[in-house]
>>> print(open('final_0.cif').read())   # mmCIF, C-alpha atoms
data_coords
loop_
_atom_site.label_atom_id
_atom_site.label_comp_id
_atom_site.auth_asym_id
_atom_site.auth_seq_id
_atom_site.Cartn_x
_atom_site.Cartn_y
_atom_site.Cartn_z
CA MET C 1 -97.07 -27.59 -42.56
CA LYS C 2 -98.97 -30.17 -44.57
CA LEU C 3 -97.71 -31.86 -47.70
CA LEU C 4 -100.07 -31.65 -50.67
CA HIS C 5 -98.30 -34.58 -52.33
CA ASP C 6 -99.71 -36.86 -49.61
CA PHE C 7 -103.25 -36.34 -50.94
CA SER C 8 -105.13 -38.31 -53.56
CA LEU C 9 -107.37 -36.20 -55.81
CA SER C 10 -110.46 -36.92 -53.71
CA GLU C 11 -108.54 -36.05 -50.54
CA LEU C 12 -107.28 -32.84 -52.15
CA LYS C 13 -110.83 -31.81 -53.02
CA ALA C 14 -111.87 -32.31 -49.40
CA GLU C 15 -108.81 -30.40 -48.22
CA LEU C 16 -109.61 -27.38 -50.40
CA GLU C 17 -113.21 -27.40 -49.23
CA SER C 18 -111.98 -27.30 -45.63
CA MET C 19 -110.13 -24.04 -46.39
CA ASN C 20 -113.47 -22.25 -46.88
CA LEU C 21 -112.23 -20.21 -49.84
CA LYS C 22 -115.44 -20.88 -51.78
CA MET C 23 -113.57 -22.14 -54.81
CA PRO C 24 -115.21 -24.13 -57.62
CA ARG C 25 -114.41 -27.84 -57.45
CA TYR C 26 -112.39 -27.78 -60.67
CA ARG C 27 -109.67 -25.83 -58.84
CA ALA C 28 -108.66 -29.12 -57.18
CA GLU C 29 -108.01 -30.70 -60.60
CA GLN C 30 -105.95 -27.67 -61.64
CA LEU C 31 -103.92 -27.77 -58.44
CA TYR C 32 -103.48 -31.54 -58.71
CA LYS C 33 -101.92 -31.17 -62.16
CA TRP C 34 -99.49 -28.53 -60.93
CA ILE C 35 -98.50 -30.74 -58.02
CA TYR C 36 -97.64 -33.60 -60.37
CA ASP C 37 -95.71 -31.27 -62.67
CA TYR C 38 -93.74 -30.38 -59.51
CA LYS C 39 -94.15 -26.62 -59.78
CA PRO C 40 -93.90 -24.02 -56.97
CA PHE C 41 -97.06 -22.15 -56.02
CA ASP C 42 -96.04 -18.92 -57.80
CA GLU C 43 -95.95 -20.78 -61.13
CA MET C 44 -99.50 -22.11 -60.78
CA THR C 45 -100.71 -19.27 -62.96
CA ASN C 46 -104.29 -20.44 -63.56
CA LEU C 47 -105.05 -20.45 -59.83
CA PRO C 48 -106.40 -17.31 -58.11
CA LEU C 49 -103.85 -15.28 -56.18
CA ASP C 50 -105.69 -15.67 -52.86
CA LEU C 51 -105.60 -19.47 -53.23
CA ARG C 52 -101.87 -19.41 -54.01
CA GLU C 53 -101.18 -17.19 -51.01
CA SER C 54 -103.18 -19.49 -48.76
CA LEU C 55 -101.28 -22.51 -50.10
CA LYS C 56 -97.96 -20.79 -49.34
CA SER C 57 -99.02 -20.22 -45.75
CA ASN C 58 -100.21 -23.74 -45.05
CA TYR C 59 -98.46 -26.25 -47.29
CA ILE C 60 -95.00 -27.33 -48.42
CA GLU C 61 -94.76 -26.79 -52.19
CA THR C 62 -91.72 -28.87 -53.17
CA PRO C 63 -90.98 -31.39 -50.41
CA VAL C 64 -87.70 -32.70 -51.80
CA LYS C 65 -84.91 -30.59 -53.27
CA ILE C 66 -81.97 -31.81 -55.34
CA GLU C 67 -78.81 -30.96 -53.40
CA LYS C 68 -76.32 -32.89 -55.52
CA GLU C 69 -76.31 -34.68 -58.86
CA LEU C 70 -73.56 -37.11 -59.82
CA ILE C 71 -73.41 -38.42 -63.39
CA SER C 72 -71.61 -41.67 -64.12
CA LYS C 73 -69.66 -42.39 -67.28
CA ASP C 74 -72.32 -45.02 -68.04
CA GLY C 75 -75.08 -42.36 -67.86
CA THR C 76 -76.44 -43.32 -64.44
CA ARG C 77 -77.39 -40.30 -62.33
CA LYS C 78 -77.36 -40.27 -58.55
CA TYR C 79 -79.17 -37.59 -56.57
CA LEU C 80 -78.83 -36.44 -53.00
CA LEU C 81 -82.19 -35.04 -51.91
CA SER C 82 -82.97 -32.87 -48.91
CA LEU C 83 -86.27 -33.02 -47.02
CA PRO C 84 -88.10 -30.17 -45.24
CA ASP C 85 -86.81 -31.29 -41.82
CA GLY C 86 -83.17 -31.29 -42.94
CA ASN C 87 -82.86 -35.05 -43.42
CA ILE C 88 -81.34 -36.38 -46.62
CA VAL C 89 -82.07 -39.39 -48.82
CA GLU C 90 -80.88 -40.48 -52.23
CA CYS C 91 -82.26 -41.85 -55.46
CA VAL C 92 -80.74 -43.16 -58.66
CA LEU C 93 -81.84 -42.70 -62.28
CA MET C 94 -80.79 -45.48 -64.65
CA ASN C 95 -81.25 -45.48 -68.39
CA TYR C 96 -82.14 -48.70 -70.18
CA LYS C 97 -83.26 -49.46 -73.73
CA TYR C 98 -86.86 -49.56 -72.55
CA GLY C 99 -86.71 -46.21 -70.73
CA ASN C 100 -85.66 -44.50 -67.50
CA THR C 101 -85.86 -46.37 -64.20
CA ILE C 102 -85.72 -44.49 -60.92
CA CYS C 103 -84.68 -46.19 -57.69
CA ILE C 104 -86.23 -44.33 -54.76
CA SER C 105 -85.86 -44.36 -50.99
CA THR C 106 -88.68 -45.25 -48.62
CA GLN C 107 -87.07 -44.36 -45.27
CA VAL C 108 -84.41 -42.04 -43.91
CA GLY C 109 -81.86 -44.69 -43.00
CA CYS C 110 -82.86 -48.26 -42.19
CA ARG C 111 -83.08 -50.50 -39.13
CA MET C 112 -82.65 -53.85 -40.90
CA GLY C 113 -78.86 -53.89 -40.47
CA CYS C 114 -77.87 -56.00 -43.48
CA ALA C 115 -74.10 -56.42 -43.43
CA PHE C 116 -73.60 -55.58 -47.10
CA CYS C 117 -75.59 -52.30 -47.08
CA ALA C 118 -74.33 -48.80 -46.20
CA THR C 119 -77.82 -47.45 -45.50
CA GLY C 120 -78.36 -49.20 -42.18
CA ILE C 121 -75.07 -48.32 -40.52
CA ASP C 122 -76.57 -45.30 -38.73
CA GLY C 123 -79.96 -46.91 -38.15
CA LEU C 124 -83.41 -45.55 -38.92
CA ALA C 125 -84.14 -41.82 -38.56
CA ARG C 126 -87.77 -41.87 -39.74
CA ASN C 127 -90.17 -43.11 -42.38
CA LEU C 128 -90.87 -41.14 -45.55
CA THR C 129 -94.48 -40.22 -46.19
CA ALA C 130 -96.22 -41.38 -49.34
CA GLY C 131 -96.00 -37.80 -50.62
CA GLU C 132 -92.27 -37.58 -50.03
CA MET C 133 -91.74 -40.78 -52.03
CA LEU C 134 -93.97 -39.38 -54.75
CA ALA C 135 -91.97 -36.14 -54.69
CA GLU C 136 -88.74 -38.07 -55.33
CA VAL C 137 -90.20 -39.29 -58.60
CA LEU C 138 -91.78 -35.99 -59.58
CA ALA C 139 -88.69 -33.92 -58.75
CA ILE C 140 -86.42 -36.05 -60.94
CA ASN C 141 -89.02 -36.31 -63.71
CA ASN C 142 -89.22 -32.51 -63.70
CA HIS C 143 -85.43 -32.17 -63.53
CA ILE C 144 -84.94 -34.21 -66.71
CA GLY C 145 -87.63 -32.31 -68.60
CA GLY C 146 -90.68 -34.44 -67.96
CA THR C 147 -94.26 -33.52 -67.11
CA THR C 148 -97.26 -35.57 -66.11
CA ALA C 149 -98.43 -35.46 -69.71
CA ASP C 150 -94.96 -36.39 -71.03
CA ARG C 151 -93.37 -38.70 -68.47
CA LYS C 152 -89.62 -39.24 -68.75
CA ILE C 153 -89.62 -41.89 -66.00
CA THR C 154 -91.05 -45.22 -67.12
CA ASN C 155 -90.20 -47.57 -64.25
CA ILE C 156 -89.82 -47.33 -60.47
CA VAL C 157 -87.94 -49.61 -58.09
CA LEU C 158 -88.32 -49.24 -54.34
CA MET C 159 -84.78 -50.34 -53.58
CA GLY C 160 -83.13 -47.20 -52.23
CA CYS C 161 -82.60 -46.25 -48.59
CA GLY C 162 -84.90 -48.14 -46.24
CA GLU C 163 -86.98 -51.31 -46.07
CA PRO C 164 -90.26 -50.62 -47.91
CA LEU C 165 -92.33 -53.10 -45.91
CA ASP C 166 -91.10 -51.55 -42.65
CA ASN C 167 -92.97 -48.43 -43.85
CA TYR C 168 -95.92 -50.44 -45.07
CA ASP C 169 -98.88 -48.03 -45.06
CA ASN C 170 -96.99 -45.14 -46.65
CA VAL C 171 -95.48 -47.38 -49.33
CA VAL C 172 -98.83 -48.87 -50.32
CA LYS C 173 -100.36 -45.40 -50.50
CA PHE C 174 -97.43 -44.22 -52.65
CA ILE C 175 -98.03 -47.07 -55.09
CA ARG C 176 -101.69 -46.12 -55.35
CA LEU C 177 -100.84 -42.41 -55.79
CA ILE C 178 -98.20 -42.91 -58.50
CA SER C 179 -100.45 -45.28 -60.45
CA ALA C 180 -103.64 -43.18 -60.19
CA LYS C 181 -105.01 -42.39 -63.65
CA GLU C 182 -105.66 -38.75 -62.79
CA GLY C 183 -102.04 -38.29 -61.66
CA PHE C 184 -98.79 -39.81 -62.91
CA ASN C 185 -100.69 -42.83 -64.24
CA LEU C 186 -97.76 -45.25 -64.11
CA SER C 187 -98.70 -48.89 -64.57
CA GLN C 188 -98.18 -50.91 -61.40
CA ARG C 189 -96.49 -53.52 -63.57
CA SER C 190 -93.70 -50.98 -63.98
CA ILE C 191 -93.09 -50.86 -60.21
CA SER C 192 -90.83 -53.25 -58.27
CA LEU C 193 -90.66 -53.45 -54.49
CA SER C 194 -87.61 -54.98 -52.85
CA THR C 195 -87.78 -56.39 -49.33
CA CYS C 196 -85.28 -58.18 -47.12
CA GLY C 197 -88.08 -60.58 -46.22
CA LEU C 198 -90.65 -59.36 -43.67
CA ALA C 199 -92.83 -62.43 -44.06
CA ASP C 200 -95.94 -61.12 -42.33
CA LYS C 201 -95.93 -57.95 -44.43
CA ILE C 202 -95.41 -59.96 -47.64
CA LYS C 203 -98.62 -61.88 -46.87
CA LYS C 204 -100.42 -58.62 -46.13
CA LEU C 205 -99.16 -57.12 -49.40
CA ALA C 206 -100.52 -60.12 -51.30
CA ASP C 207 -104.04 -59.09 -50.25
CA GLU C 208 -103.69 -55.48 -51.50
CA ASP C 209 -104.59 -56.38 -55.11
CA LEU C 210 -101.57 -54.59 -56.56
CA GLY C 211 -99.88 -55.42 -59.84
CA ILE C 212 -96.29 -54.74 -58.76
CA THR C 213 -93.27 -57.04 -58.95
CA LEU C 214 -92.04 -58.37 -55.61
CA THR C 215 -88.28 -58.68 -55.24
CA ILE C 216 -86.77 -60.61 -52.33
CA SER C 217 -83.25 -59.98 -51.01
CA LEU C 218 -82.44 -63.63 -50.37
CA HIS C 219 -78.63 -63.97 -50.47
CA ALA C 220 -78.43 -67.41 -48.87
CA SER C 221 -79.92 -70.87 -49.14
CA THR C 222 -79.72 -71.72 -45.42
CA ASP C 223 -80.81 -69.95 -42.25
CA GLU C 224 -77.31 -70.36 -40.84
CA HIS C 225 -75.68 -68.43 -43.67
CA ARG C 226 -78.46 -65.86 -43.92
CA LYS C 227 -78.17 -64.96 -40.24
CA LYS C 228 -74.51 -64.10 -40.76
CA ILE C 229 -75.34 -61.24 -43.09
CA MET C 230 -79.01 -60.35 -42.50
CA LYS C 231 -80.51 -59.62 -39.07
CA VAL C 232 -84.01 -60.22 -40.43
CA ALA C 233 -83.15 -63.93 -40.64
CA ASN C 234 -83.28 -64.03 -36.84
CA ALA C 235 -86.96 -63.02 -36.99
CA TYR C 236 -88.09 -65.05 -40.00
CA SER C 237 -86.75 -68.42 -41.05
CA LEU C 238 -86.50 -69.39 -44.71
CA LYS C 239 -89.46 -71.70 -44.14
CA GLU C 240 -91.58 -68.80 -42.91
CA LEU C 241 -90.32 -66.52 -45.66
CA PHE C 242 -91.09 -68.96 -48.45
CA PHE C 243 -94.51 -69.73 -47.00
CA ALA C 244 -95.28 -66.01 -47.40
CA ILE C 245 -93.68 -65.86 -50.86
CA LYS C 246 -95.75 -68.77 -52.11
CA TYR C 247 -98.89 -67.18 -50.68
CA TYR C 248 -98.02 -63.98 -52.54
CA PHE C 249 -97.49 -65.88 -55.79
CA GLU C 250 -100.74 -67.81 -55.43
CA LYS C 251 -102.68 -64.59 -54.84
CA THR C 252 -101.06 -62.46 -57.57
CA ARG C 253 -99.63 -64.97 -60.09
CA ARG C 254 -96.75 -62.49 -60.46
CA ARG C 255 -93.24 -63.84 -60.97
CA ILE C 256 -90.97 -63.42 -57.94
CA VAL C 257 -87.50 -61.93 -58.40
CA PHE C 258 -84.72 -62.91 -56.01
CA GLU C 259 -81.64 -60.77 -55.39
CA TYR C 260 -78.64 -62.93 -54.58
CA ILE C 261 -75.25 -61.48 -53.66
CA GLU C 262 -72.52 -63.90 -54.69
CA LEU C 263 -70.31 -64.75 -51.73
CA ASP C 264 -67.78 -67.47 -51.09
CA MET C 265 -70.15 -69.12 -48.61
CA ASN C 266 -73.28 -69.18 -50.79
CA THR C 267 -72.06 -70.20 -54.26
CA ASN C 268 -71.65 -73.94 -53.90
CA GLU C 269 -73.39 -76.78 -55.72
CA ASP C 270 -75.45 -77.57 -52.63
CA ASP C 271 -76.67 -73.95 -52.58
CA ALA C 272 -78.02 -74.32 -56.11
CA LYS C 273 -79.84 -77.53 -55.13
CA ARG C 274 -81.34 -75.92 -52.03
CA LEU C 275 -82.47 -72.87 -53.99
CA LYS C 276 -84.24 -75.10 -56.47
CA GLU C 277 -86.05 -76.86 -53.63
CA LEU C 278 -87.03 -73.62 -51.90
CA CYS C 279 -88.56 -72.21 -55.09
CA LYS C 280 -90.76 -75.17 -55.94
CA GLY C 281 -94.25 -74.15 -56.96
CA ILE C 282 -93.56 -70.53 -57.98
CA SER C 283 -92.43 -68.67 -61.08
CA TYR C 284 -89.16 -66.91 -60.31
CA HIS C 285 -85.91 -65.40 -61.55
CA PHE C 286 -82.58 -64.78 -59.80
CA ASN C 287 -80.54 -61.59 -60.14
CA LEU C 288 -76.97 -62.47 -59.23
CA ILE C 289 -75.06 -59.54 -57.74
CA PRO C 290 -71.27 -59.30 -57.40
CA ILE C 291 -70.42 -58.19 -53.85
CA ASN C 292 -69.75 -54.45 -53.77
CA ALA C 293 -67.02 -53.64 -51.24
CA THR C 294 -66.91 -49.95 -50.43
CA PRO C 295 -65.19 -47.63 -47.93
CA ASN C 296 -68.67 -46.44 -46.97
CA SER C 297 -69.62 -49.90 -45.73
CA PRO C 298 -66.96 -50.35 -43.04
CA ILE C 299 -68.23 -53.64 -41.68
CA GLU C 300 -65.60 -56.28 -41.11
CA ASN C 301 -67.52 -59.47 -41.73
CA PRO C 302 -65.75 -62.61 -42.96
CA ALA C 303 -69.09 -63.86 -44.32
CA LEU C 304 -68.83 -61.18 -47.02
CA LYS C 305 -65.76 -62.77 -48.60
CA PRO C 306 -66.33 -62.80 -52.38
CA PRO C 307 -65.98 -65.99 -54.42
CA THR C 308 -63.19 -66.42 -56.92
CA LYS C 309 -64.05 -65.90 -60.58
CA GLU C 310 -63.71 -69.63 -61.06
CA LYS C 311 -66.19 -70.30 -58.28
CA GLN C 312 -68.62 -67.74 -59.72
CA ALA C 313 -68.44 -69.47 -63.08
CA ALA C 314 -68.98 -72.87 -61.49
CA PHE C 315 -72.00 -71.57 -59.55
CA TRP C 316 -73.50 -70.33 -62.79
CA GLU C 317 -73.22 -73.85 -64.18
CA TYR C 318 -74.75 -75.34 -61.04
CA LEU C 319 -77.76 -73.04 -61.43
CA LYS C 320 -78.14 -74.03 -65.08
CA GLU C 321 -78.02 -77.70 -64.13
CA GLN C 322 -80.89 -77.11 -61.70
CA GLY C 323 -82.89 -75.26 -64.36
CA ILE C 324 -82.79 -72.01 -62.35
CA SER C 325 -83.45 -68.85 -64.37
CA ALA C 326 -80.69 -66.37 -63.51
CA THR C 327 -78.78 -63.39 -64.86
CA THR C 328 -75.95 -61.31 -63.45
CA ARG C 329 -77.23 -57.85 -62.66
CA ARG C 330 -75.53 -55.13 -64.64
CA THR C 331 -73.41 -52.88 -62.41
CA LEU C 332 -74.30 -49.21 -62.90
CA GLY C 333 -72.93 -46.06 -61.30
CA SER C 334 -69.92 -47.66 -59.60
CA ASP C 335 -67.90 -44.45 -60.15
CA ILE C 336 -70.50 -42.23 -58.42
CA GLU C 337 -71.16 -44.19 -55.21
CA GLY C 338 -74.11 -45.82 -56.95
CA ALA C 339 -74.88 -48.52 -54.40
CA CYS C 340 -77.63 -47.98 -51.86
CA GLY C 341 -76.74 -45.50 -49.10
CA GLN C 342 -73.17 -44.73 -50.18
CA LEU C 343 -73.68 -41.08 -51.18
CA ARG C 344 -75.84 -40.31 -48.15
CA ARG C 345 -73.34 -42.02 -45.87
CA SER C 346 -70.35 -40.11 -47.25
CA THR C 347 -72.28 -36.83 -46.98
CA LEU C 348 -73.22 -37.48 -43.34
CA ASN C 349 -69.59 -38.28 -42.53
CA LYS C 350 -68.40 -35.01 -44.11
CA ASN C 351 -70.96 -33.03 -42.11
CA LYS C 352 -69.98 -34.49 -38.73
#
>>> encode(input="final_0.cif", output="structure tokens")
Amino acid sequence: MKLLHDFSLSELKAELESMNLKMPRYRAEQLYKWIYDYKPFDEMTNLPLDLRESLKSNYIETPVKIEKELISKDGTRKYLLSLPDGNIVECVLMNYKYGNTICISTQVGCRMGCAFCATGIDGLARNLTAGEMLAEVLAINNHIGGTTADRKITNIVLMGCGEPLDNYDNVVKFIRLISAKEGFNLSQRSISLSTCGLADKIKKLADEDLGITLTISLHASTDEHRKKIMKVANAYSLKELFFAIKYYFEKTRRRIVFEYIELDMNTNEDDAKRLKELCKGISYHFNLIPINATPNSPIENPALKPPTKEKQAAFWEYLKEQGISATTRRTLGSDIEGACGQLRRSTLNKNK
């Protein structure tokens, strides 16, 4: 069965015309609004009964369902979502002073194999469609009392399960769908995409004329150290990666954000100097992330040894000396398996 959430408004109009129900064209606008309010077909009360019955027979009405909601003491909410084929993904809703940010998944699992991430342990099951990503946002917006006319979600980060640029076409279509004026109408400046560094796809993304923020999971200042924790470093060197990053910056003039997990091996004075050199010519900011050891990431890797508090403090000073803009990312949802892939991983283990 098809997924209506995969269609833009123009595509939906063509789809309804193909059904030969001889409906006026404004029915597509009515249906489109219901889709974005995330309502089942029976609640689409201004649509004719024969259209609703036809929709039931041919299309999936709510492509993701909330199976579990965990609420942290800090207010963060984590959701386990089921898909029509029985697969599960997760998303996280975080509340900030400026509004609600949702972190969504782009794939079922992941094939990147980063040592610090629970998502990739079982590999990649499949890509999510653009409509399934859209449905993650709409389902949670609906769950917390929002509508298309009164959005409760103000920001989106593509940092959940999966590597967004490994699902390139669907992710780009999702960004265009969620930002379409006739739909959710979310500014692309309120969307961040996080990648482990697929250099060729970063260059391709630069030519899409999007207004999103690009976030790079960097985590090391040398190829040697990066290869110890990120398999993608075997495919793309830091030289290749930063060539693509600088191309992206030149095309978009958008500041680049770097995610940087603090480890014993990557928090030395020389690391700060190398980072400064790598980032020449671009506007950037570093999010420093304390390493999150978890029973759901059972990878014995000595490279993941955390630095001492004293070494963390010294690294902060090294960055300041180099004039590197950096903040330590606030830890949210640690009491509800808030890190990427943890809830899904624990659920899969229980179901084995």
>>> resolve_selection(input="final_0.cif", expression="the PyMOL selection byres ((chain C and resi 180-190) around 10)", output="MDAnalysis selection string")
chainID C and resid 8:9 29 32:33 35:37 101 134 137:138 147:151 153:157 174:179 191:192 210:213 254
>>> resolve_selection(input="final_0.cif", expression="the PyMOL selection byres ((chain C and resi 286) around 6)", output="ChimeraX atom specification")
/C:257-258,285,287,326
>>> resolve_selection(input="final_0.cif", expression="the PyMOL selection byres ((chain C and resi 40) around 10)", output="PDB file with C-alpha atoms, in the coordinates of the input")
ATOM      1  CA  TRP C  34     -99.490 -28.530 -60.930  1.00  0.00           C
ATOM      2  CA  ILE C  35     -98.500 -30.740 -58.020  1.00  0.00           C
ATOM      3  CA  ASP C  37     -95.710 -31.270 -62.670  1.00  0.00           C
ATOM      4  CA  TYR C  38     -93.740 -30.380 -59.510  1.00  0.00           C
ATOM      5  CA  LYS C  39     -94.150 -26.620 -59.780  1.00  0.00           C
ATOM      6  CA  PHE C  41     -97.060 -22.150 -56.020  1.00  0.00           C
ATOM      7  CA  ASP C  42     -96.040 -18.920 -57.800  1.00  0.00           C
ATOM      8  CA  GLU C  43     -95.950 -20.780 -61.130  1.00  0.00           C
ATOM      9  CA  MET C  44     -99.500 -22.110 -60.780  1.00  0.00           C
ATOM     10  CA  ARG C  52    -101.870 -19.410 -54.010  1.00  0.00           C
ATOM     11  CA  LYS C  56     -97.960 -20.790 -49.340  1.00  0.00           C
ATOM     12  CA  ILE C  60     -95.000 -27.330 -48.420  1.00  0.00           C
ATOM     13  CA  GLU C  61     -94.760 -26.790 -52.190  1.00  0.00           C
ATOM     14  CA  THR C  62     -91.720 -28.870 -53.170  1.00  0.00           C
TER      15      THR C  62
END
>>> atom_distance(input="final_0.cif", atom1="atom CA of Lys311 of chain C", atom2="atom CA of Thr267 of chain C")
7.1 Å
>>> closest_residue(input="final_0.cif", among="C:Lys239, C:Lys309, C:Lys320, C:Lys68", to="Lys276 of chain C", atoms="all atoms listed in the file")
C:Lys320
>>> residues_around(input="final_0.cif", residues="Ser325 of chain C", least_positions_apart="2", cutoff="12 Å", atoms="all atoms listed in the file", output="MDAnalysis selection string")
chainID C and resid 255:258 272 275:276 279 283:288 316:323 327:328
>>> atom_distance(input="final_0.cif", atom1="atom CA of Val232 of chain C", atom2="atom CA of Asn127 of chain C")
18.3 Å
>>> atom_distance(input="final_0.cif", atom1="atom CA of Lys203 of chain C", atom2="atom CA of Ala244 of chain C")
5.3 Å
>>> residues_around(input="final_0.cif", residues="segment 217-227 of chain C", least_positions_apart="5", cutoff="9 Å", atoms="all atoms listed in the file", output="list in words")
Ser194, Thr195, Cys196, Gly197, Val232, Ala233, Asn234, Ser237, Leu238, Val257, Phe258, Glu259, Tyr260, Ile261, Glu262, Leu263, Met265, Asn266, Thr267, Asp270, Asp271, Ala272, Lys273, Arg274, Leu275, Leu278 and Ala303 of chain C
>>> residues_around(input="final_0.cif", residues="Pro302 of chain C", least_positions_apart="3", cutoff="10 Å", atoms="only C-alpha atoms", output="short mmCIF file (atom, residue, chain, number, x, y, z; two decimals) with C-alpha atoms, in the coordinates of the input")
data_model
loop_
_atom_site.label_atom_id
_atom_site.label_comp_id
_atom_site.auth_asym_id
_atom_site.auth_seq_id
_atom_site.Cartn_x
_atom_site.Cartn_y
_atom_site.Cartn_z
CA LYS C 228 -74.51 -64.10 -40.76
CA ILE C 229 -75.34 -61.24 -43.09
CA ASP C 264 -67.78 -67.47 -51.09
CA MET C 265 -70.15 -69.12 -48.61
CA ILE C 299 -68.23 -53.64 -41.68
CA LYS C 305 -65.76 -62.77 -48.60
CA PRO C 306 -66.33 -62.80 -52.38
#
>>> residues_around(input="final_0.cif", residues="Glu69 of chain C", least_positions_apart="5", cutoff="8 Å", atoms="only C-alpha atoms", output="PyMOL selection string")
chain C and resi 77-80
>>> write_last_selection(input="final_0.cif", atoms="C-alpha atoms", output="PDB file, in the coordinates of the input")
ATOM      1  CA  ARG C  77     -77.390 -40.300 -62.330  1.00  0.00           C
ATOM      2  CA  LYS C  78     -77.360 -40.270 -58.550  1.00  0.00           C
ATOM      3  CA  TYR C  79     -79.170 -37.590 -56.570  1.00  0.00           C
ATOM      4  CA  LEU C  80     -78.830 -36.440 -53.000  1.00  0.00           C
TER       5      LEU C  80
END
>>> residues_around(input="final_0.cif", residues="Glu163 of chain C", least_positions_apart="2", cutoff="9 Å", atoms="all atoms listed in the file", output="PyMOL selection string")
chain C and resi 105-107+109-112+158-161+165-167+194-196
